[in-house]
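**Student:** Below is a structure I'd like to ask you about.
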Amino acid sequence: MEKAESLLSPLIERLGIAEDVRLERIRNDWSTLFEKPLLSHMSPSRLLEGDLLLCVDSPAWMQQLVFCREEILKKLTGYGVRGLRFRIGRVALRSRRQDRTRPKAKELSSEENLFIADLVSRVGDEALRETIRKTVEKSLLFAGRK
């Protein structure tokens, strides 16, 4: 039996959403990666070519975070982050419970539904098939969100 990651990684790369998926993983793990007060004053905004843009709520905290750059970067290298940039902006505070209850961004098109059905039709294990179906659906539904 193959791991789901080995099946999904090529698909995610082909769809061109690898950085979006990594950014979402960072957002989901954010509260476990950092503690207060850092957690309250910065949040991930965008990931582009390995550079993570962090929104910071004040110039004073931006200066403090510049001094902490290496420590922050060290915690994020496992997510493919190679550089950090900072900007003043709204810090998004979200919990995992909020993530699960937010409304869907759009409905899947018939082509996307056919693609998913074709993809999972080749998976023999029913539980794995359902997990892959849900994962691909979420990826397609939220791929355009920033």
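Residues in the structure tokens are numbered from 1 in each chain, the chains being A, B, ... in the order shown, and ligands are numbered from 1 in the order shown.
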Which residues are close to Leu114 of chain A, i.e. within 12 Å by only C-alpha atoms, leaving aside same-chain residues fewer than 5 positions away? Reply as a count of residues only.

**Tutor:** 8

**Student:** Using DSSP assignments from the backbone, pull out every residue in segment 1-76 of chain A that falls under strand (DSSP E or B) and give it to me as a list in words.

**Tutor:**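 Written out, the strand (DSSP E or B) residues of segment 1-76 of chain A are Met42, Ser43, Pro44, Ser45, Arg46, Leu47, Leu48, Asp51, Leu52, Leu53, Leu54, Cys55 and Val56 of chain A.
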
**Student:** Give me, please, the distance in Å between atom CA of Trp30 of chain A and atom CA of Arg90 of chain A, quoted to one decimal.

**Tutor:**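 Taking atom CA of Trp30 of chain A and atom CA of Arg90 of chain A, their separation equals 15.7 Å.
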
**Student:** Extract, using only C-alpha atoms, all DNA, RNA and protein residues at most 8 Å from Glu19 of chain A, discarding same-chain residues fewer than 5 positions from it, and format them as a ChimeraX atom specification.

**Tutor:** /A:47-50

**Student:** Output all heavy atoms for every residue in the selection just made, as a PDB file, in the first residue's frame.

**Tutor:**
```
ATOM      1  N   LEU A  47       2.997  33.056   0.380  1.00  0.00           N
ATOM      2  CA  LEU A  47       4.227  32.310   0.130  1.00  0.00           C
ATOM      3  C   LEU A  47       4.479  32.338  -1.364  1.00  0.00           C
ATOM      4  O   LEU A  47       3.636  31.916  -2.148  1.00  0.00           O
ATOM      5  CB  LEU A  47       4.090  30.862   0.619  1.00  0.00           C
ATOM      6  CG  LEU A  47       5.315  29.967   0.483  1.00  0.00           C
ATOM      7  CD1 LEU A  47       6.483  30.493   1.314  1.00  0.00           C
ATOM      8  CD2 LEU A  47       4.977  28.548   0.911  1.00  0.00           C
ATOM      9  N   LEU A  48       5.623  32.877  -1.759  1.00  0.00           N
ATOM     10  CA  LEU A  48       5.948  32.998  -3.175  1.00  0.00           C
ATOM     11  C   LEU A  48       7.411  32.656  -3.378  1.00  0.00           C
ATOM     12  O   LEU A  48       8.295  33.309  -2.825  1.00  0.00           O
ATOM     13  CB  LEU A  48       5.658  34.417  -3.669  1.00  0.00           C
ATOM     14  CG  LEU A  48       5.858  34.683  -5.151  1.00  0.00           C
ATOM     15  CD1 LEU A  48       4.937  33.803  -5.988  1.00  0.00           C
ATOM     16  CD2 LEU A  48       5.601  36.144  -5.468  1.00  0.00           C
ATOM     17  N   GLU A  49       7.654  31.607  -4.147  1.00  0.00           N
ATOM     18  CA  GLU A  49       9.005  31.153  -4.458  1.00  0.00           C
ATOM     19  C   GLU A  49       9.866  30.970  -3.208  1.00  0.00           C
ATOM     20  O   GLU A  49      11.029  31.341  -3.170  1.00  0.00           O
ATOM     21  CB  GLU A  49       9.670  32.109  -5.443  1.00  0.00           C
ATOM     22  CG  GLU A  49       8.967  32.160  -6.778  1.00  0.00           C
ATOM     23  CD  GLU A  49       9.603  33.143  -7.744  1.00  0.00           C
ATOM     24  OE1 GLU A  49      10.654  33.731  -7.420  1.00  0.00           O
ATOM     25  OE2 GLU A  49       9.029  33.325  -8.827  1.00  0.00           O
ATOM     26  N   GLY A  50       9.264  30.411  -2.163  1.00  0.00           N
ATOM     27  CA  GLY A  50       9.992  30.117  -0.935  1.00  0.00           C
ATOM     28  C   GLY A  50      10.097  31.272   0.039  1.00  0.00           C
ATOM     29  O   GLY A  50      10.585  31.086   1.152  1.00  0.00           O
TER      30      GLY A  50
END
```

**Student:** Report the distance between atom CA of Cys55 of chain A and atom CA of Gly89 of chain A in Å, rounded to one decimal place.

**Tutor:**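 Pair atom CA of Cys55 of chain A / atom CA of Gly89 of chain A returns 5.1 Å.
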
**Student:** Extract, using only C-alpha atoms, all DNA, RNA and protein residues at most 12 Å from Arg25 of chain A, discarding same-chain residues fewer than 6 positions from it, and format them as an MDAnalysis selection string.

**Tutor:** chainID A and resid 18:19 31:33 44 47 76 78:81 96 99 139

**Student:** Just asking: which residues within chain A are helix (DSSP H, G or I) according to DSSP, as a PyMOL selection string?

**Tutor:** chain A and resi 4-15+18-33+38-41+59-67+69-79+96-101+110-121+126-142

**Student:** Can you tell me, as a PyMOL selection string, what residues are no more than 12 Å from Ala117 of chain A when counting only C-alpha atoms, ignoring any on the same chain fewer than 5 positions away?

**Tutor:** chain A and resi 110-112+122-123+129-130+132-134+136-137

**Student:** Do you know which residues are at most 10 Å from Leu38 of chain A counting only C-alpha atoms, after dropping those on the same chain fewer than 6 positions away, and could you put them as number ranges by chain?

**Tutor:** A: 31, 56, 61, 64-65, 68, 72

**Student:** Which of these, A:Val91, A:Leu128, A:Leu52, A:Leu73, has the shortest distance to Asp20 of chain A once you count only C-alpha atoms?

**Tutor:**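 Residue with the minimum atom-to-atom distance to Asp20 of chain A: A:Leu52.
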
**Student:** What's the separation between atom CA of Leu8 of chain A and atom CA of Ile26 of chain A, in Å to one decimal place?

**Tutor:**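 Going from atom CA of Leu8 of chain A over to atom CA of Ile26 of chain A covers 17.9 Å.
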
**Student:** If you count only C-alpha atoms, which residues fall within 10 Å of Val66 of chain A, apart from same-chain ones fewer than 4 positions away, as a PyMOL selection string?

**Tutor:** chain A and resi 61-62+70+72+84-86

**Student:** Export, as a PDB file, in the first residue's frame, the selected residues with N, CA and C atoms.

**Tutor:**
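Here's the written file again.pdb:
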```
ATOM      1  N   TRP A  61       6.800  46.112  16.501  1.00  0.00           N
ATOM      2  CA  TRP A  61       6.913  44.663  16.407  1.00  0.00           C
ATOM      3  C   TRP A  61       7.664  44.246  15.154  1.00  0.00           C
ATOM      4  N   MET A  62       7.541  45.010  14.092  1.00  0.00           N
ATOM      5  CA  MET A  62       8.295  44.679  12.888  1.00  0.00           C
ATOM      6  C   MET A  62       9.794  44.729  13.182  1.00  0.00           C
ATOM      7  N   GLU A  70      16.119  34.933  12.091  1.00  0.00           N
ATOM      8  CA  GLU A  70      16.748  33.608  11.968  1.00  0.00           C
ATOM      9  C   GLU A  70      16.017  32.547  12.769  1.00  0.00           C
ATOM     10  N   ILE A  72      12.801  32.575  13.585  1.00  0.00           N
ATOM     11  CA  ILE A  72      11.531  32.329  12.896  1.00  0.00           C
ATOM     12  C   ILE A  72      11.766  31.453  11.668  1.00  0.00           C
ATOM     13  N   LEU A  84      12.199  35.396   4.555  1.00  0.00           N
ATOM     14  CA  LEU A  84      11.084  36.076   5.207  1.00  0.00           C
ATOM     15  C   LEU A  84      11.046  37.530   4.772  1.00  0.00           C
ATOM     16  N   ARG A  85       9.836  38.031   4.614  1.00  0.00           N
ATOM     17  CA  ARG A  85       9.621  39.460   4.392  1.00  0.00           C
ATOM     18  C   ARG A  85       8.533  39.894   5.367  1.00  0.00           C
ATOM     19  N   PHE A  86       8.586  41.148   5.780  1.00  0.00           N
ATOM     20  CA  PHE A  86       7.622  41.665   6.735  1.00  0.00           C
ATOM     21  C   PHE A  86       6.913  42.863   6.137  1.00  0.00           C
TER      22      PHE A  86
END
```
